Structures are given as C-alpha cells and as structure tokens.
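Before any comments, here is the structure.
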Amino acid sequence: MKNYINLLLFIYPTCVFGQITIEGTVQDRQNAPVAYASISYVNGKGGTISNELGQFVLTVPALPVELEVSHVSFLRSSYTVQDPAPKITIFLEPAVHYLTEVTVDGNEAVSIIKQAYDRAVQDKQVFQYGKAFYRQTSFVDSSPIELLEAFYDTRFTNNGIDTWRITQGRFAKRPIKGSLDFLNFSAYTSLSGVYQETSKKILLPLSREGLNQYDFEITNTYNAEDGDLVAITCKPHPTLAKPAFEGLLFIDRKSNRIMKMIGKVALGSQGVELTFNHKPLPYQNLVLTTEIVYQKTLASQFALSYIRMGLEVTYTIEEITHTASARSLCTVYTYDASLSNSRFKKVSKNTNDLKTIKGAGYNAAFWKDNPIVKRTPIEQGIIESFEAEGAFGNYQPGDQD
C-alpha cells in the first residue's frame, strides 16, 4: 500500500412530486441496534444501509411507501410508512438457528466450501450495475487526519467492484507531522473479493489453494425464509507461510453462494508496500479487517450489498512511533441495469483518490443534503471540524496527483 495510500419528514403533499426524508433505527427484539441492515423501497430505485448504531436516513419520492429491510442474520421485513411522523423504529426477527450432527463433520464443511467455490467461478462473468456510496476516515494516533466521500456509478460482480465512474466527491486532510496518506485505500476496498482463482499474496479460504491450507468447521445453520444459511469458520493451518484470511463464511445452501465474509488478516510486517516520502517505510502489527455482504434484491437477484474494510499499522518516523488506521465503507444503494451502457474506468490498486476527486469537482450544497449513509456522532463531528477549517475542496498545487 502506498502512502497516497423521528420518521423526520419535510412536509409535502403526497400527491406532489418531491423529496421526502425518512429517518429511523433498525433494532432487534432486545432493542439492540442492527448495524448495516439494507433498507430499500419497493418499486423504487433507491436505498441505503443502517450505520453501526442501526440508524438510517432515506429519501423517497412520495408517501405512502413500503420499505424492505434485510440483514444476513435476520428475517427480511417490510414496513409501510403512511404519513409524516417522528422517527421510526423497525424491528427485525433473528433467523432461526439450529445445530445438527453435520456441525461435527469436517468433511461436510469442506464439501460446502468446494461447492461455493465452484459456484463463484461459474458466476464470475455475471455483471451487475448500480450506484455506490463510499466513505473513508483515517487517523494517526487517534486524531482524524482524512475524510473522503464519493458517489460512483459502478459495475460489479460476485467478487467486488471492477469498474466505476465518479459522479460526486470530496476530500479533506489535516496535515499532522509523521502522518500517512491513504489515497488508494478505496481501491483496496472495492477490489476486495471473496474467492481466488489464482494464488495471491494473501490467501483466501475460497480458493483451490485454500481448500488444502485451512481447517473448516460448521458452527451454525440458520433457517431463513427460502433456505438454510450455513456459517463456517475458516482457520488457516499454523504452518502456512503466507498471510491468510481468518474468519467466517456464510453460505446459502440453496444456491451455494457466499452471502457474507467477515474476518481479518494479520500481516505483521509483510504483505503490502508502505512508503513515506517516496521511500519504503518499515512497519509492524499491520492488520486488515474485512466484511463483505451480498443480498437477494427485490428483483430476486444476488448482488453486492456493501464492503467494509479496516487497517491498523504501527510505524516509526524520526524515532517516534505512530499508529495509523483507516476504515472504509462502500455500499451499493441502488441497482440500475440501465447503467450497463455507461463508460466506466477500471479499478486499479494504483488509483489516486485525490486525483479522482479533483476531476469530479466539489459541490458543497450537494453534500449538505446527501448523507446516504447516516453519519454517526463521531463521523458528524469529524466532518463539521473539517468544514469549519474550509478543508473540503481546498486542494493545493502540491497535493498528490
């Protein structure tokens, strides 16, 4: 990696075209927030996901509207909004889980993984299109130094986003001595995949190599509306020389498709390129965390929902040790087949986010009214501090190109 590395409503008559904003929270029956649930409206081209506090905001063209809410660990739910009202709360019922004798059968787990891999390769040329929102924050020694937000038109497959076109973007940076830039982290996020056909620097369990280098165990089986969802732990062999993903895969047994992948890769002091002032920078304790979720859309398609990625690393500059971190969220909030005629740019790990955002320009009014994924209080505070400093759009001639 390189160093550039409440239903709160605006009141409009429902018979008049306009933008109506709905705010709410998704919770389980114990009143705990459900993070990263998908919320969309029926017969519409719009949606969002809940933030880590279960909160969401969604604009719809008119009322009444029927919302569809889904999450890989819960049963799909619908909620009809009839009239302007305070913030709403949507409760989700957990998917029924049960254990069977198959959970102690390691051979069955391997068989399911093999079938999922074969299905992934079979589906690799199925392209889908949509609109995506990306948000990234980065920190040095717990101080926020960067914030990047962007809207993209995208083409994606069952293994991540492969092409995109930016439509709106903004970037702000607070210079701190010894800090890193994470100006290609969006590419690392969008290119994150759930399977590998060829050997890579970081090993994934859903690969020919991974089948022989992991221990697999079924830990749970969930009974959803239209079939079983199997949770399988993936633990790399201790003798494995290369960095490897460790975590959970959730597989739909009816379609053999991956619905969720969550876990981490402990890279230590290898696996990515880190530079400072154009020179290699030694580092330690580098850890990547990944969560990739797919969903069955309202059109009964299998599609990417969101990718979350985190990075934390320790490094030393001028005898001072720092800890840097970055976290990102890329969510496909609208699926739109009409974008298949659009011209896209291939996503590359050499992507420079600042250069991309400079090309899109900065529209302050647009960002005031388009949160898409509701900001947490921490995110809101970071954004307001950058806005107060006039940091957004204030790109200097010496900035990375």
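By order of appearance in the structure tokens: chains A, B, ..., then residues from 1 within every chain, and ligands from 1 in the order shown.
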- request: Write out as a PyMOL selection string the residues lying within 12 Å of region 210-218 of chain A, counting only C-alpha atoms and excluding same-chain residues fewer than 4 positions away.
  value: chain A and resi 98-118+194-200+202-206+222+229-251
Same residues, C-alpha atoms, saved as a PDB file, in the first residue's frame:
```pdb
ATOM      1  CA  TYR A  98     -30.031 -24.685  14.927  1.00  0.00           C
ATOM      2  CA  LEU A  99     -27.202 -27.165  15.240  1.00  0.00           C
ATOM      3  CA  THR A 100     -27.209 -30.646  13.754  1.00  0.00           C
ATOM      4  CA  GLU A 101     -24.861 -33.595  13.660  1.00  0.00           C
ATOM      5  CA  VAL A 102     -23.398 -32.132  10.476  1.00  0.00           C
ATOM      6  CA  THR A 103     -21.635 -29.470  12.554  1.00  0.00           C
ATOM      7  CA  VAL A 104     -19.105 -32.020  13.773  1.00  0.00           C
ATOM      8  CA  ASP A 105     -18.451 -33.336  10.281  1.00  0.00           C
ATOM      9  CA  GLY A 106     -15.401 -31.550   8.870  1.00  0.00           C
ATOM     10  CA  ASN A 107     -15.836 -33.331   5.548  1.00  0.00           C
ATOM     11  CA  GLU A 108     -19.262 -31.749   5.111  1.00  0.00           C
ATOM     12  CA  ALA A 109     -17.790 -28.291   5.710  1.00  0.00           C
ATOM     13  CA  VAL A 110     -15.119 -28.889   3.054  1.00  0.00           C
ATOM     14  CA  SER A 111     -17.779 -30.148   0.637  1.00  0.00           C
ATOM     15  CA  ILE A 112     -19.845 -26.971   1.115  1.00  0.00           C
ATOM     16  CA  ILE A 113     -16.760 -24.785   0.605  1.00  0.00           C
ATOM     17  CA  LYS A 114     -15.911 -26.622  -2.636  1.00  0.00           C
ATOM     18  CA  GLN A 115     -19.440 -26.166  -3.953  1.00  0.00           C
ATOM     19  CA  ALA A 116     -19.370 -22.475  -3.056  1.00  0.00           C
ATOM     20  CA  TYR A 117     -16.056 -22.018  -4.876  1.00  0.00           C
ATOM     21  CA  ASP A 118     -17.329 -23.789  -7.996  1.00  0.00           C
ATOM     22  CA  VAL A 194     -14.458 -13.476  -1.542  1.00  0.00           C
ATOM     23  CA  TYR A 195     -12.659 -16.007  -3.758  1.00  0.00           C
ATOM     24  CA  GLN A 196      -9.426 -16.524  -5.721  1.00  0.00           C
ATOM     25  CA  GLU A 197      -8.838 -18.495  -8.893  1.00  0.00           C
ATOM     26  CA  THR A 198      -5.064 -17.983  -8.792  1.00  0.00           C
ATOM     27  CA  SER A 199      -2.569 -17.740  -5.957  1.00  0.00           C
ATOM     28  CA  LYS A 200      -2.253 -14.277  -4.359  1.00  0.00           C
ATOM     29  CA  ILE A 202      -2.910 -13.027   0.795  1.00  0.00           C
ATOM     30  CA  LEU A 203      -4.661 -16.393   0.809  1.00  0.00           C
ATOM     31  CA  LEU A 204      -8.453 -16.723   0.918  1.00  0.00           C
ATOM     32  CA  PRO A 205     -10.221 -19.914   2.013  1.00  0.00           C
ATOM     33  CA  LEU A 206     -12.439 -19.926  -1.091  1.00  0.00           C
ATOM     34  CA  TYR A 222     -29.749 -20.638  10.073  1.00  0.00           C
ATOM     35  CA  LEU A 229     -27.657 -20.395   5.647  1.00  0.00           C
ATOM     36  CA  VAL A 230     -24.554 -22.190   6.916  1.00  0.00           C
ATOM     37  CA  ALA A 231     -21.836 -20.417   8.942  1.00  0.00           C
ATOM     38  CA  ILE A 232     -18.372 -21.951   8.518  1.00  0.00           C
ATOM     39  CA  THR A 233     -15.257 -20.938  10.443  1.00  0.00           C
ATOM     40  CA  CYS A 234     -12.101 -20.802   8.346  1.00  0.00           C
ATOM     41  CA  LYS A 235      -8.794 -21.170  10.178  1.00  0.00           C
ATOM     42  CA  PRO A 236      -5.509 -21.314   8.230  1.00  0.00           C
ATOM     43  CA  HIS A 237      -3.013 -24.020   9.108  1.00  0.00           C
ATOM     44  CA  PRO A 238      -0.326 -22.826  11.565  1.00  0.00           C
ATOM     45  CA  THR A 239       2.417 -23.914   9.148  1.00  0.00           C
ATOM     46  CA  LEU A 240       1.163 -21.665   6.345  1.00  0.00           C
ATOM     47  CA  ALA A 241       3.957 -19.295   5.302  1.00  0.00           C
ATOM     48  CA  LYS A 242       1.915 -16.544   3.633  1.00  0.00           C
ATOM     49  CA  PRO A 243      -0.617 -14.186   5.263  1.00  0.00           C
ATOM     50  CA  ALA A 244      -4.139 -15.601   5.182  1.00  0.00           C
ATOM     51  CA  PHE A 245      -7.700 -14.558   5.948  1.00  0.00           C
ATOM     52  CA  GLU A 246      -9.200 -15.973   9.135  1.00  0.00           C
ATOM     53  CA  GLY A 247     -12.887 -15.677   9.943  1.00  0.00           C
ATOM     54  CA  LEU A 248     -16.385 -16.755   8.937  1.00  0.00           C
ATOM     55  CA  LEU A 249     -18.139 -17.530   5.669  1.00  0.00           C
ATOM     56  CA  PHE A 250     -21.952 -17.586   5.458  1.00  0.00           C
ATOM     57  CA  ILE A 251     -23.154 -19.726   2.551  1.00  0.00           C
TER      58      ILE A 251
END
```
Using only C-alpha atoms, tabulate the residues of region 123-204 of chain A lying at most 12 Å from any atom of region 343-347 of chain A, each with its closest atom pair and that distance in Å to one decimal, by chain and increasing residue number, as CSV.
```
residue,atom,partner,partner_atom,distance
A:Tyr129,CA,A:Phe344,CA,10.8
A:Gly130,CA,A:Phe344,CA,11.9
A:Tyr152,CA,A:Phe344,CA,9.9
A:Asp153,CA,A:Phe344,CA,8.0
A:Thr154,CA,A:Phe344,CA,7.4
A:Arg155,CA,A:Phe344,CA,7.8
A:Phe156,CA,A:Val347,CA,10.6
A:Gly160,CA,A:Val347,CA,10.4
A:Ile161,CA,A:Val347,CA,7.6
A:Asp162,CA,A:Val347,CA,5.5
A:Thr163,CA,A:Lys346,CA,4.4
A:Trp164,CA,A:Phe344,CA,5.1
A:Arg165,CA,A:Phe344,CA,5.3
A:Ile166,CA,A:Phe344,CA,9.0
A:Thr167,CA,A:Phe344,CA,11.3
A:Asn184,CA,A:Val347,CA,10.4
A:Phe185,CA,A:Val347,CA,11.5
A:Ser186,CA,A:Val347,CA,9.3
A:Ala187,CA,A:Val347,CA,6.4
A:Tyr188,CA,A:Val347,CA,9.4
A:Thr189,CA,A:Val347,CA,10.5
A:Ser190,CA,A:Val347,CA,8.0
A:Leu191,CA,A:Val347,CA,7.5
A:Ser192,CA,A:Val347,CA,11.2
```
Go ahead and dump the residues you just picked, C-alpha atoms, as a CSV table (one decimal), in the first residue's frame.
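Final output, result_5.csv:
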```csv
chain,number,residue,atom,x,y,z
A,129,TYR,CA,-24.7,-2.3,-12.2
A,130,GLY,CA,-25.7,0.2,-9.6
A,152,TYR,CA,-19.9,6.3,-8.1
A,153,ASP,CA,-21.7,4.6,-10.9
A,154,THR,CA,-20.4,1.0,-10.8
A,155,ARG,CA,-20.2,-2.3,-12.4
A,156,PHE,CA,-19.7,-5.2,-10.1
A,160,GLY,CA,-16.3,-7.0,-5.8
A,161,ILE,CA,-16.5,-3.8,-7.9
A,162,ASP,CA,-14.3,-3.9,-11.0
A,163,THR,CA,-15.2,-0.6,-12.8
A,164,TRP,CA,-16.6,2.7,-11.7
A,165,ARG,CA,-17.3,6.3,-12.7
A,166,ILE,CA,-17.2,9.1,-10.0
A,167,THR,CA,-20.2,11.5,-10.0
A,184,ASN,CA,-5.6,4.4,-2.8
A,185,PHE,CA,-7.5,2.7,0.0
A,186,SER,CA,-10.8,3.0,-1.9
A,187,ALA,CA,-9.3,0.6,-4.5
A,188,TYR,CA,-8.2,-1.9,-1.8
A,189,THR,CA,-11.8,-1.7,-0.5
A,190,SER,CA,-13.7,-2.1,-3.8
A,191,LEU,CA,-11.4,-4.8,-5.1
A,192,SER,CA,-11.8,-6.9,-2.0
```
message: Show me, as number ranges by chain, the residues that have an atom within 12 Å of Ala172 (chain A) when counting only C-alpha atoms, minus same-chain residues fewer than 5 positions from it.
response: A: 135-138, 144-149, 181-183, 353-354, 357-358, 362, 382-396, 399
Minimum-distance residue to Ala365 (chain A), chosen among A:Lys201, A:Ile262, A:Val42, A:Arg170 (using only C-alpha atoms): A:Arg170
task: Would you kindly return, as a count of residues only, each protein, DNA or RNA residue with an atom no farther than 6 Å from any atom of region 327-331 of chain A, considering only C-alpha atoms and excluding same-chain residues fewer than 5 positions away?
output: 12
message: Report, in Å to a single decimal, how far apart CA of Ala324 (chain A) and CA of Pro282 (chain A) are.
response: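 Value for the CA of Pro282 (chain A)-CA of Ala324 (chain A) distance: 13.2 Å.
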statement: Atom pair CA of Thr290 (chain A) + CA of Gly263 (chain A), distance 5.6 Å
- request: Write out as a VMD selection string each polymer residue whose atoms come within 9 Å of region 22-26 of chain A, counting only C-alpha atoms; drop sequence neighbours fewer than 5 positions from it.
  value: chain A and resid 6 to 10 31 to 35 37 50 53 to 60 69 81 84 86 to 92 374
